[in-house]
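Contents: one structure, followed by commentary.
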Amino acid sequence: MRTDSDEPINIVGAGLAGALLGVDADAARLRAIRLWDRRPDPRRVRTERGRSINLALAARGIRALERAGVMDRIRPLLIPMRGR
């Protein structure tokens with residue numbers, strides 16, 4: 001295993017957990033981060049028909065984002081879901 005600090009950290013599977021791991025590693029200033037996923041970035045391409053990108057954020061997700069230090073930036077984007 002290489003320990004060269006110039007080598008980026010590669011995270012394969014950039015779904016919710018992979019993205020959070022990337023944020024956490026970046027926050028720790030470990031190394032450059034590269035996220036790999038088979039799907040393109042939904043912000044840059046037209047989404048597949050019938051696929052929703054709406055997400056529900058549960059208490060454990062909120063705790064994980066707080067621990068990663070990014071919840072304050074995300075909180076203003078949230079919409080309450082009553083009765084869930």
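Chain labels run A, B, ... following the order of the structure tokens; each chain numbers its residues from 1, and ligands are numbered from 1 in the order shown.
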Practice item. Apply DSSP to the structure's backbone, then extract all residues of range 7-39 of chain A labelled alpha helix (DSSP H) and return them as a list in words. Key: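 Filtering range 7-39 of chain A to alpha helix (DSSP H) leaves Leu16, Ala17, Gly18, Ala19, Leu20, Leu21, Gly22, Val23, Asp24, Ala25, Asp26 and Ala27 of chain A.
The set of residues in chain A assigned to strand (DSSP E) by DSSP, using only backbone atoms of this structure, is Ile9, Asn10, Ile11, Val12, Ile33, Arg34, Leu35 and Trp36 of chain A.
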Next, the residues of the selection above should be written as a PDB file, in the first residue's frame with C-alpha atoms.
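Final output, result.pdb:
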```pdb
ATOM      1  CA  ILE A   9      -8.055   8.838  -2.248  1.00  0.00           C
ATOM      2  CA  ASN A  10     -10.385   7.038  -4.669  1.00  0.00           C
ATOM      3  CA  ILE A  11     -13.916   6.297  -3.465  1.00  0.00           C
ATOM      4  CA  VAL A  12     -15.807   3.900  -5.720  1.00  0.00           C
ATOM      5  CA  ILE A  33     -10.526  12.971  -3.150  1.00  0.00           C
ATOM      6  CA  ARG A  34     -11.860  11.338  -6.343  1.00  0.00           C
ATOM      7  CA  LEU A  35     -15.415  10.003  -6.325  1.00  0.00           C
ATOM      8  CA  TRP A  36     -16.321   7.357  -8.899  1.00  0.00           C
TER       9      TRP A  36
END
```
Practice item. Could you tell me how far CA of Arg63 in chain A lies from CA of Arg38 in chain A, in Å and to one decimal? Key: 27.4 Å
**Study point:** Separation of CA of Arg31 in chain A from CA of Leu77 in chain A in Å
**Key:**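 Going from CA of Leu77 in chain A over to CA of Arg31 in chain A covers 28.2 Å.
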**Study point:** Distance query range 55-60 of chain A at most 10 Å, only C-alpha atoms, self and fewer than 6 positions along chain excluded, as a ChimeraX atom specification
**Key:** /A:66,78-81,84
Save the residues we just selected, C-alpha atoms, as a compact mmCIF listing (two decimals), in the first residue's frame?
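After the write, selection11.txt holds the following:
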```
# COMPACT_ATOMS: atom_id res chain seq x y z
CA GLU A 66 -23.20 17.31 11.61
CA LEU A 78 -34.26 21.18 3.70
CA ILE A 79 -38.06 21.03 3.47
CA PRO A 80 -39.92 19.48 6.44
CA MET A 81 -41.82 16.25 5.73
CA ARG A 84 -43.45 10.56 7.99
```
